Every structure is written in structure tokens, then in C-alpha cells.
>>> print(open('final-v3.pdb').read())   # PDB, C-alpha atoms
MODEL        1
ATOM      1  CA  MET A  11     187.952  19.789 -48.985
ATOM      2  CA  GLU A  12     190.233  21.472 -51.480
ATOM      3  CA  ALA A  13     191.224  18.077 -52.875
ATOM      4  CA  ALA A  14     187.553  17.149 -53.317
ATOM      5  CA  TYR A  15     186.862  20.385 -55.193
ATOM      6  CA  GLU A  16     189.917  19.828 -57.389
ATOM      7  CA  ALA A  17     188.844  16.244 -58.078
ATOM      8  CA  ARG A  18     185.589  17.571 -59.515
ATOM      9  CA  THR A  19     187.557  19.297 -62.291
ATOM     10  CA  VAL A  20     188.883  15.993 -63.684
ATOM     11  CA  PRO A  21     186.882  12.899 -64.714
ATOM     12  CA  VAL A  22     187.299  10.818 -61.547
ATOM     13  CA  GLN A  23     184.844   9.381 -59.080
ATOM     14  CA  LEU A  24     184.849  10.592 -55.500
ATOM     15  CA  ARG A  25     184.497   7.705 -53.055
ATOM     16  CA  ILE A  26     183.958   7.525 -49.349
ATOM     17  CA  ASN A  27     184.253   4.288 -47.347
ATOM     18  CA  GLU A  28     182.279   3.622 -44.199
ATOM     19  CA  ASN A  29     181.745   0.796 -41.729
ATOM     20  CA  PHE A  30     178.211   0.699 -40.370
ATOM     21  CA  GLY A  31     179.028  -1.667 -37.483
ATOM     22  CA  ILE A  32     179.714  -5.385 -37.186
ATOM     23  CA  ALA A  33     175.985  -6.087 -37.129
ATOM     24  CA  LEU A  34     174.613  -3.063 -38.997
ATOM     25  CA  GLU A  35     173.455  -2.118 -35.517
ATOM     26  CA  ARG A  36     174.523   1.532 -35.627
ATOM     27  CA  LYS A  37     171.352   2.937 -37.160
ATOM     28  CA  ASP A  38     171.977   6.390 -35.696
ATOM     29  CA  HIS A  39     175.400   6.378 -37.325
ATOM     30  CA  ILE A  40     173.848   5.481 -40.689
ATOM     31  CA  GLU A  41     171.508   8.468 -40.387
ATOM     32  CA  GLU A  42     174.397  10.786 -39.467
ATOM     33  CA  PHE A  43     176.481   9.454 -42.339
ATOM     34  CA  PHE A  44     173.826  10.309 -44.907
ATOM     35  CA  GLN A  45     173.350  13.738 -43.325
ATOM     36  CA  LEU A  46     177.073  14.264 -43.975
ATOM     37  CA  ILE A  47     176.587  13.143 -47.586
ATOM     38  CA  ASP A  48     173.799  15.740 -47.935
ATOM     39  CA  VAL A  49     176.091  18.468 -46.605
ATOM     40  CA  LEU A  50     178.844  17.419 -49.023
ATOM     41  CA  LYS A  51     176.293  17.480 -51.835
ATOM     42  CA  ARG A  52     175.259  21.044 -50.939
ATOM     43  CA  TRP A  53     178.942  22.010 -51.017
ATOM     44  CA  GLY A  54     179.292  20.424 -54.460
ATOM     45  CA  VAL A  55     181.575  17.589 -53.387
ATOM     46  CA  ALA A  56     179.205  14.671 -52.808
ATOM     47  CA  PRO A  57     180.809  11.304 -53.446
ATOM     48  CA  ASP A  58     179.854   9.256 -56.487
ATOM     49  CA  VAL A  59     180.376   6.031 -54.577
ATOM     50  CA  VAL A  60     179.860   4.885 -50.998
ATOM     51  CA  GLY A  61     182.049   1.934 -50.136
ATOM     52  CA  TYR A  62     180.566  -0.154 -47.346
ATOM     53  CA  GLN A  63     183.283  -1.967 -45.406
ATOM     54  CA  ALA A  64     181.107  -4.951 -44.528
ATOM     55  CA  HIS A  65     183.116  -6.508 -41.707
ATOM     56  CA  ILE A  66     180.338  -8.563 -40.140
ATOM     57  CA  HIS A  67     180.414 -10.593 -36.945
ATOM     58  CA  GLN A  68     177.930 -13.433 -37.250
ATOM     59  CA  GLY A  69     177.071 -13.668 -33.554
ATOM     60  CA  ALA A  70     176.583  -9.933 -33.150
ATOM     61  CA  LEU A  71     174.498  -9.816 -36.290
ATOM     62  CA  LEU A  72     172.103 -12.534 -35.159
ATOM     63  CA  PHE A  73     171.712 -11.207 -31.621
ATOM     64  CA  GLN A  74     171.936  -7.425 -32.049
ATOM     65  CA  ASN A  75     170.241  -7.004 -35.403
ATOM     66  CA  PRO A  76     168.391 -10.087 -36.675
ATOM     67  CA  ASN A  77     166.661  -7.811 -39.192
ATOM     68  CA  PHE A  78     170.001  -6.735 -40.685
ATOM     69  CA  ILE A  79     168.682  -7.007 -44.237
ATOM     70  CA  ASP A  80     166.203  -4.213 -43.497
ATOM     71  CA  THR A  81     169.125  -2.056 -42.340
ATOM     72  CA  LEU A  82     171.098  -2.950 -45.469
ATOM     73  CA  ARG A  83     168.051  -2.001 -47.552
ATOM     74  CA  THR A  84     168.033   1.386 -45.825
ATOM     75  CA  ILE A  85     171.658   1.974 -46.839
ATOM     76  CA  ILE A  86     170.889   0.910 -50.417
ATOM     77  CA  LYS A  87     167.816   3.144 -50.527
ATOM     78  CA  GLU A  88     169.638   6.163 -49.101
ATOM     79  CA  CYS A  89     172.384   5.790 -51.713
ATOM     80  CA  ALA A  90     169.834   5.403 -54.522
ATOM     81  CA  LEU A  91     167.886   8.486 -53.375
ATOM     82  CA  ARG A  92     171.107  10.488 -53.684
ATOM     83  CA  ASN A  93     172.087   8.897 -57.021
ATOM     84  CA  ILE A  94     175.207   7.390 -55.431
ATOM     85  CA  GLN A  95     176.617   3.971 -56.261
ATOM     86  CA  LEU A  96     177.088   1.500 -53.418
ATOM     87  CA  HIS A  97     180.085  -0.836 -53.307
ATOM     88  CA  ILE A  98     180.421  -3.645 -50.811
ATOM     89  CA  THR A  99     184.177  -3.222 -50.488
ATOM     90  CA  GLU A 100     185.462  -5.453 -47.711
ATOM     91  CA  MET A 101     182.967  -8.182 -46.892
ATOM     92  CA  ASP A 102     183.962 -10.828 -44.408
ATOM     93  CA  VAL A 103     181.791 -12.699 -41.928
ATOM     94  CA  ASP A 104     183.569 -13.702 -38.721
ATOM     95  CA  GLN A 105     181.672 -16.799 -37.629
ATOM     96  CA  GLY A 106     182.885 -16.461 -34.017
ATOM     97  CA  VAL A 107     183.720 -19.239 -31.580
ATOM     98  CA  ASN A 108     180.497 -21.222 -31.863
ATOM     99  CA  GLY A 109     179.490 -19.932 -35.266
ATOM    100  CA  SER A 110     178.132 -21.921 -38.107
ATOM    101  CA  PHE A 111     179.450 -22.022 -41.659
ATOM    102  CA  THR A 112     175.862 -22.559 -42.779
ATOM    103  CA  ILE A 113     174.752 -19.318 -41.126
ATOM    104  CA  GLN A 114     177.857 -17.607 -42.500
ATOM    105  CA  ALA A 115     176.802 -18.738 -45.992
ATOM    106  CA  ASP A 116     173.287 -17.437 -45.371
ATOM    107  CA  VAL A 117     174.678 -14.004 -44.412
ATOM    108  CA  TYR A 118     176.880 -13.829 -47.516
ATOM    109  CA  ARG A 119     173.969 -14.938 -49.720
ATOM    110  CA  ALA A 120     171.585 -12.420 -48.164
ATOM    111  CA  PHE A 121     174.039  -9.557 -48.647
ATOM    112  CA  PHE A 122     174.863 -10.531 -52.206
ATOM    113  CA  ASN A 123     171.242 -11.005 -53.224
ATOM    114  CA  GLU A 124     170.208  -7.713 -51.697
ATOM    115  CA  VAL A 125     172.937  -5.551 -53.172
ATOM    116  CA  TYR A 126     172.517  -6.973 -56.653
ATOM    117  CA  ARG A 127     168.750  -6.396 -56.736
ATOM    118  CA  THR A 128     169.336  -2.730 -57.416
ATOM    119  CA  ALA A 129     171.221  -0.961 -60.192
ATOM    120  CA  ASN A 130     173.133   1.416 -57.923
ATOM    121  CA  CYS A 131     174.999  -1.464 -56.216
ATOM    122  CA  THR A 132     177.850  -2.020 -58.622
ATOM    123  CA  MET A 133     180.521  -3.925 -56.700
ATOM    124  CA  PHE A 134     180.750  -6.753 -54.179
ATOM    125  CA  SER A 135     184.159  -7.832 -52.906
ATOM    126  CA  THR A 136     185.565  -9.657 -49.928
ATOM    127  CA  TRP A 137     188.412  -8.497 -47.706
ATOM    128  CA  GLY A 138     190.699 -11.334 -48.675
ATOM    129  CA  VAL A 139     190.496 -14.535 -50.644
ATOM    130  CA  TYR A 140     191.037 -17.358 -48.179
ATOM    131  CA  ASP A 141     191.014 -17.939 -44.436
ATOM    132  CA  GLY A 142     194.775 -18.554 -44.339
ATOM    133  CA  ASP A 143     195.408 -14.875 -45.011
ATOM    134  CA  THR A 144     192.721 -12.923 -43.185
ATOM    135  CA  TRP A 145     193.325  -9.724 -41.264
ATOM    136  CA  LEU A 146     191.156 -11.089 -38.436
ATOM    137  CA  THR A 147     193.608 -13.807 -37.343
ATOM    138  CA  SER A 148     195.247 -13.064 -34.005
ATOM    139  CA  PRO A 149     196.797 -14.996 -31.114
ATOM    140  CA  THR A 150     193.406 -15.040 -29.396
ATOM    141  CA  LYS A 151     191.554 -15.944 -32.608
ATOM    142  CA  PRO A 152     193.808 -18.348 -34.536
ATOM    143  CA  ASP A 153     190.936 -20.262 -36.136
ATOM    144  CA  VAL A 154     188.914 -17.362 -37.475
ATOM    145  CA  ALA A 155     187.458 -18.249 -40.875
ATOM    146  CA  PRO A 156     185.565 -15.255 -42.330
ATOM    147  CA  LEU A 157     186.110 -15.730 -46.065
ATOM    148  CA  LEU A 158     184.763 -17.867 -48.916
ATOM    149  CA  LEU A 159     187.692 -20.308 -49.092
ATOM    150  CA  ASP A 160     189.259 -22.210 -46.189
ATOM    151  CA  LYS A 161     192.976 -22.237 -45.270
ATOM    152  CA  ASN A 162     193.609 -24.865 -47.978
ATOM    153  CA  PHE A 163     191.843 -22.842 -50.685
ATOM    154  CA  GLN A 164     188.869 -25.198 -50.549
ATOM    155  CA  PRO A 165     185.425 -23.659 -51.005
ATOM    156  CA  LYS A 166     183.218 -23.326 -47.956
ATOM    157  CA  PRO A 167     179.399 -23.151 -47.926
ATOM    158  CA  ALA A 168     179.654 -19.360 -48.321
ATOM    159  CA  TYR A 169     181.504 -19.799 -51.622
ATOM    160  CA  PHE A 170     178.748 -22.023 -52.986
ATOM    161  CA  ALA A 171     176.084 -19.636 -51.673
ATOM    162  CA  ILE A 172     177.622 -16.734 -53.607
ATOM    163  CA  GLN A 173     178.175 -18.905 -56.674
ATOM    164  CA  GLN A 174     174.525 -19.985 -56.655
ATOM    165  CA  ALA A 175     173.323 -16.434 -56.107
ATOM    166  CA  MET A 176     175.395 -15.219 -59.068
ATOM    167  CA  LYS A 177     173.561 -17.566 -61.379
ATOM    168  CA  SER A 178     170.303 -15.755 -60.703
ATOM    169  CA  PHE A 179     171.657 -12.425 -61.999
ATOM    170  CA  ARG A 180     172.562 -11.454 -65.548
ATOM    171  CA  ARG A 181     175.869  -9.703 -64.889
ATOM    172  CA  HIS A 182     179.489 -10.741 -65.300
ATOM    173  CA  TYR A 183     181.435 -11.561 -62.179
ATOM    174  CA  ALA A 184     185.050 -12.142 -61.291
ATOM    175  CA  VAL A 185     185.244 -15.315 -59.211
ATOM    176  CA  VAL A 186     188.175 -16.888 -57.420
ATOM    177  CA  SER A 187     188.710 -20.461 -58.596
ATOM    178  CA  PRO A 188     189.538 -22.446 -55.442
ATOM    179  CA  GLY A 189     192.108 -24.932 -56.737
ATOM    180  CA  ALA A 190     193.839 -22.772 -59.323
ATOM    181  CA  ARG A 191     194.131 -19.626 -57.194
ATOM    182  CA  ALA A 192     193.008 -17.690 -60.233
ATOM    183  CA  VAL A 193     190.217 -15.310 -61.097
ATOM    184  CA  THR A 194     187.500 -16.443 -63.493
ATOM    185  CA  VAL A 195     184.851 -14.246 -65.045
ATOM    186  CA  ILE A 196     181.434 -15.843 -65.396
TER     187      ILE A 196
ENDMDL
END
>>> encode(input="final-v3.pdb", output="C-alpha cells")
Amino acid sequence: MEAAYEARTVPVQLRINENFGIALERKDHIEEFFQLIDVLKRWGVAPDVVGYQAHIHQGALLFQNPNFIDTLRTIIKECALRNIQLHITEMDVDQGVNGSFTIQADVYRAFFNEVYRTANCTMFSTWGVYDGDTWLTSPTKPDVAPLLLDKNFQPKPAYFAIQQAMKSFRRHYAVVSPGARAVTVI
């Protein structure tokens, strides 16, 4: 707490990262999280930014919380009510064993569209660039493919879904160029 108080004396943003579940299914946790934010606000150390570590599991999302966008809207609304920015800080969508890249693209598109509909959502980033270097790979899951580019840096449907969604908004974006392994601002 002392560090948070001290941070308020210099021009920096206080940030707190949270993971609301692999399917946004932990609605009670979301409520408790924002109660904590209210307590921090009363103490004078409320964060300026909530970073949502959006590590999503496609199968869990579709079966446990098919209305996940409503839950995401709740998070966005709760941040806006408290005048707190929301950053999607670590998005990846594990498609699972029998998952679909089309559904994965739909999840990415839905998240992106929703967070950029409101002014308090100011960042959207993935937790990695390509499937060849994802933290989710393990001996039991060697073929996990949660990111926008495949293991050969080729764009997947999710890449094109985000690219298309970006065109509908009037902001500048940093985009990974698949072949060049570079970042482009559009």
C-alpha cells in the first residue's frame, strides 16, 4: 500500500491486472474484484487502469458462458463507472483439441469490437505474436494455436477478423505484418 500511496505523488498510472476466468465464467469474482477497486478508491489508491489478462479457452467459453460478451460488457461498464481505463493485456484464444479457427476468429472479433466501442478501453494486445512461441505449448498440448499467426507466421482467420474489425474504427493501431515480422501502424 505504501508504494501505491507514493506512486500517487508522481505522474504515473497505477495499474492492476486480473484474469476473470478462461470463459469469463467467474461472475462472482468480477463482482469481488470491483468491490476491491471501490475500497482502493476510498483509500485514495484506485488504479487508473485495469488490465484484463484475456486468456480464453474456446471450448470452455462456448459451453460455460455462451453469453460471454454480456460478461465482457459488465467489466467494461464497471470500469467506465469508476473512470478507469480497461486494457486487454494478454489475449489468446486456445481453440482446444476439436476447436475451430473460425470460432476462434469470431471470439477475437467479438472481443475487439466490444472493447473498442467505448472510450475507456484504450489497449488491446495478444500474449504473443505467433503460435510457434506461445506460453500454452506443453508436452500434452504440442499443437495449441491460440494466436493470430500460425507457426510459420502466416495469418489465421483470427488475424483477418481483427484486421477487418480495425477498419471499422477511426483509431491508429500497431499491427504485426505476417511475412516481415514487423509492426505496422494503420
>>> closest_residue(input="final-v3.pdb", among="A:Asp153, A:Asp38, A:Asp160, A:Asp58", to="Gly106 in chain A", atoms="all atoms listed in the file")
A:Asp153
>>> resolve_selection(input="final-v3.pdb", expression="the PyMOL selection byres ((chain A and resi 74-88) around 10)", output="PyMOL selection string")
chain A and resi 30+32-37+40-41+43-44+47+60+62+68-73+89-97+117+120-121+124-125+127-131
>>> closest_residue(input="final-v3.pdb", among="A:Tyr140, A:Phe179, A:Tyr126, A:Trp145", to="His65 in chain A", atoms="only C-alpha atoms")
A:Trp145
>>> atom_distance(input="final-v3.pdb", atom1="CA of Met133 in chain A", atom2="CA of Gly61 in chain A")
8.9 Å
>>> atom_distance(input="final-v3.pdb", atom1="CA of Gln114 in chain A", atom2="CA of Arg25 in chain A")
28.2 Å
>>> closest_residue(input="final-v3.pdb", among="A:Asn108, A:Phe122, A:Pro57, A:Asp102", to="Lys177 in chain A", atoms="only C-alpha atoms")
A:Phe122
>>> atom_distance(input="final-v3.pdb", atom1="CA of Glu28 in chain A", atom2="CA of Glu42 in chain A")
11.7 Å
>>> residues_around(input="final-v3.pdb", residues="Leu159 in chain A", least_positions_apart="6", cutoff="7 Å", atoms="only C-alpha atoms", output="PyMOL selection string")
chain A and resi 139-141+165-166+169+188
>>> closest_residue(input="final-v3.pdb", among="A:Leu46, A:Phe134, A:Ala168, A:Leu24", to="Val103 in chain A", atoms="only C-alpha atoms")
A:Ala168
>>> closest_residue(input="final-v3.pdb", among="A:Pro167, A:Gly142, A:Gly54, A:Gly31", to="Val154 in chain A", atoms="all atoms listed in the file")
A:Gly142
>>> closest_residue(input="final-v3.pdb", among="A:Ser148, A:Thr132, A:Asn123, A:Gln105", to="Gln173 in chain A", atoms="all atoms listed in the file")
A:Asn123
>>> axis_aligned_box(input="final-v3.pdb", around="range 117-131 of chain A", padding_each_side="3 Å", output="AutoDock Vina command-line options")
--center_x 172.8 --center_y -6.8 --center_z -52.3 --size_x 14.1 --size_y 22.4 --size_z 21.8
>>> decode(input="final-v3.pdb", residues="range 122-157 of chain A", atoms="N, CA, C and O atoms", output="short mmCIF file (atom, residue, chain, number, x, y, z; two decimals), in the first residue's frame")
data_model
loop_
_atom_site.label_atom_id
_atom_site.label_comp_id
_atom_site.auth_asym_id
_atom_site.auth_seq_id
_atom_site.Cartn_x
_atom_site.Cartn_y
_atom_site.Cartn_z
N PHE A 122 -12.59 -7.70 -29.68
CA PHE A 122 -12.06 -6.45 -30.23
C PHE A 122 -13.17 -5.43 -30.46
O PHE A 122 -13.05 -4.27 -30.06
N ASN A 123 -14.22 -5.86 -31.12
CA ASN A 123 -15.33 -4.93 -31.40
C ASN A 123 -15.91 -4.36 -30.12
O ASN A 123 -16.23 -3.17 -30.05
N GLU A 124 -16.06 -5.19 -29.13
CA GLU A 124 -16.69 -4.73 -27.89
C GLU A 124 -15.81 -3.74 -27.14
O GLU A 124 -16.28 -2.72 -26.67
N VAL A 125 -14.52 -4.04 -27.01
CA VAL A 125 -13.67 -3.16 -26.23
C VAL A 125 -13.43 -1.83 -26.93
O VAL A 125 -13.23 -0.81 -26.27
N TYR A 126 -13.48 -1.81 -28.25
CA TYR A 126 -13.24 -0.55 -28.94
C TYR A 126 -14.51 0.26 -29.20
O TYR A 126 -14.46 1.31 -29.80
N ARG A 127 -15.64 -0.19 -28.70
CA ARG A 127 -16.88 0.60 -28.80
C ARG A 127 -16.94 1.69 -27.73
O ARG A 127 -17.80 2.54 -27.77
N THR A 128 -16.07 1.61 -26.76
CA THR A 128 -16.13 2.55 -25.66
C THR A 128 -14.78 3.25 -25.47
O THR A 128 -13.72 2.65 -25.70
N ALA A 129 -14.83 4.49 -25.05
CA ALA A 129 -13.62 5.31 -24.95
C ALA A 129 -12.68 4.86 -23.83
O ALA A 129 -11.48 5.12 -23.90
N ASN A 130 -13.19 4.19 -22.81
CA ASN A 130 -12.30 3.83 -21.71
C ASN A 130 -11.48 2.56 -21.98
O ASN A 130 -10.62 2.20 -21.20
N CYS A 131 -11.73 1.89 -23.09
CA CYS A 131 -10.92 0.73 -23.50
C CYS A 131 -9.84 1.25 -24.44
O CYS A 131 -10.12 1.60 -25.58
N THR A 132 -8.62 1.31 -23.94
CA THR A 132 -7.57 2.01 -24.68
C THR A 132 -6.43 1.12 -25.15
O THR A 132 -5.46 1.62 -25.72
N MET A 133 -6.52 -0.19 -24.94
CA MET A 133 -5.45 -1.06 -25.42
C MET A 133 -5.99 -2.48 -25.64
O MET A 133 -6.80 -2.97 -24.86
N PHE A 134 -5.53 -3.11 -26.69
CA PHE A 134 -5.85 -4.49 -27.00
C PHE A 134 -4.56 -5.14 -27.47
O PHE A 134 -3.99 -4.73 -28.47
N SER A 135 -4.07 -6.14 -26.74
CA SER A 135 -2.86 -6.82 -27.17
C SER A 135 -3.00 -8.31 -26.92
O SER A 135 -3.76 -8.75 -26.08
N THR A 136 -2.23 -9.06 -27.69
CA THR A 136 -2.22 -10.51 -27.54
C THR A 136 -1.02 -10.92 -26.69
O THR A 136 -0.06 -10.17 -26.55
N TRP A 137 -1.08 -12.13 -26.15
CA TRP A 137 0.01 -12.65 -25.34
C TRP A 137 0.90 -13.49 -26.24
O TRP A 137 0.94 -14.72 -26.17
N GLY A 138 1.58 -12.81 -27.12
CA GLY A 138 2.45 -13.45 -28.10
C GLY A 138 2.06 -13.02 -29.49
O GLY A 138 1.01 -12.41 -29.71
N VAL A 139 2.93 -13.35 -30.44
CA VAL A 139 2.71 -12.94 -31.82
C VAL A 139 2.27 -14.12 -32.68
O VAL A 139 1.33 -14.01 -33.45
N TYR A 140 2.94 -15.27 -32.50
CA TYR A 140 2.63 -16.39 -33.38
C TYR A 140 2.62 -17.70 -32.58
O TYR A 140 3.21 -17.80 -31.51
N ASP A 141 1.92 -18.67 -33.15
CA ASP A 141 1.70 -19.94 -32.45
C ASP A 141 2.98 -20.73 -32.17
O ASP A 141 2.99 -21.59 -31.29
N GLY A 142 4.07 -20.43 -32.86
CA GLY A 142 5.32 -21.12 -32.62
C GLY A 142 6.00 -20.70 -31.33
O GLY A 142 6.98 -21.32 -30.91
N ASP A 143 5.49 -19.67 -30.69
CA ASP A 143 6.11 -19.18 -29.46
C ASP A 143 5.03 -18.78 -28.46
O ASP A 143 5.01 -17.66 -27.97
N THR A 144 4.13 -19.69 -28.17
CA THR A 144 3.07 -19.41 -27.21
C THR A 144 3.38 -20.07 -25.87
O THR A 144 3.94 -21.17 -25.83
N TRP A 145 2.99 -19.43 -24.81
CA TRP A 145 3.21 -19.96 -23.47
C TRP A 145 2.34 -21.18 -23.21
O TRP A 145 2.58 -21.93 -22.27
N LEU A 146 1.34 -21.43 -24.04
CA LEU A 146 0.41 -22.53 -23.81
C LEU A 146 0.92 -23.88 -24.32
O LEU A 146 0.36 -24.92 -23.99
N THR A 147 1.98 -23.89 -25.13
CA THR A 147 2.52 -25.15 -25.64
C THR A 147 3.09 -25.98 -24.49
O THR A 147 3.78 -25.46 -23.63
N SER A 148 2.78 -27.26 -24.51
CA SER A 148 3.30 -28.18 -23.50
C SER A 148 3.39 -29.57 -24.12
O SER A 148 2.86 -29.80 -25.21
N PRO A 149 4.03 -30.50 -23.44
CA PRO A 149 4.10 -31.87 -23.99
C PRO A 149 2.72 -32.47 -24.25
O PRO A 149 2.56 -33.26 -25.17
N THR A 150 1.74 -32.10 -23.46
CA THR A 150 0.39 -32.65 -23.67
C THR A 150 -0.42 -31.82 -24.66
O THR A 150 -1.47 -32.25 -25.10
N LYS A 151 0.07 -30.63 -24.98
CA LYS A 151 -0.63 -29.75 -25.93
C LYS A 151 0.37 -29.17 -26.94
O LYS A 151 0.56 -27.96 -27.00
N PRO A 152 0.99 -30.03 -27.76
CA PRO A 152 2.01 -29.52 -28.68
C PRO A 152 1.45 -28.70 -29.84
O PRO A 152 2.16 -27.92 -30.45
N ASP A 153 0.19 -28.89 -30.15
CA ASP A 153 -0.40 -28.23 -31.32
C ASP A 153 -1.32 -27.07 -30.97
O ASP A 153 -2.14 -26.65 -31.79
N VAL A 154 -1.19 -26.54 -29.77
CA VAL A 154 -2.02 -25.42 -29.38
C VAL A 154 -1.73 -24.24 -30.32
O VAL A 154 -0.59 -24.02 -30.72
N ALA A 155 -2.76 -23.51 -30.69
CA ALA A 155 -2.62 -22.43 -31.67
C ALA A 155 -3.52 -21.26 -31.28
O ALA A 155 -4.50 -20.98 -31.95
N PRO A 156 -3.18 -20.52 -30.21
CA PRO A 156 -4.09 -19.51 -29.68
C PRO A 156 -3.94 -18.10 -30.23
O PRO A 156 -4.71 -17.22 -29.87
N LEU A 157 -2.97 -17.88 -31.12
CA LEU A 157 -2.66 -16.51 -31.52
C LEU A 157 -3.11 -16.20 -32.95
O LEU A 157 -3.74 -17.02 -33.60
#
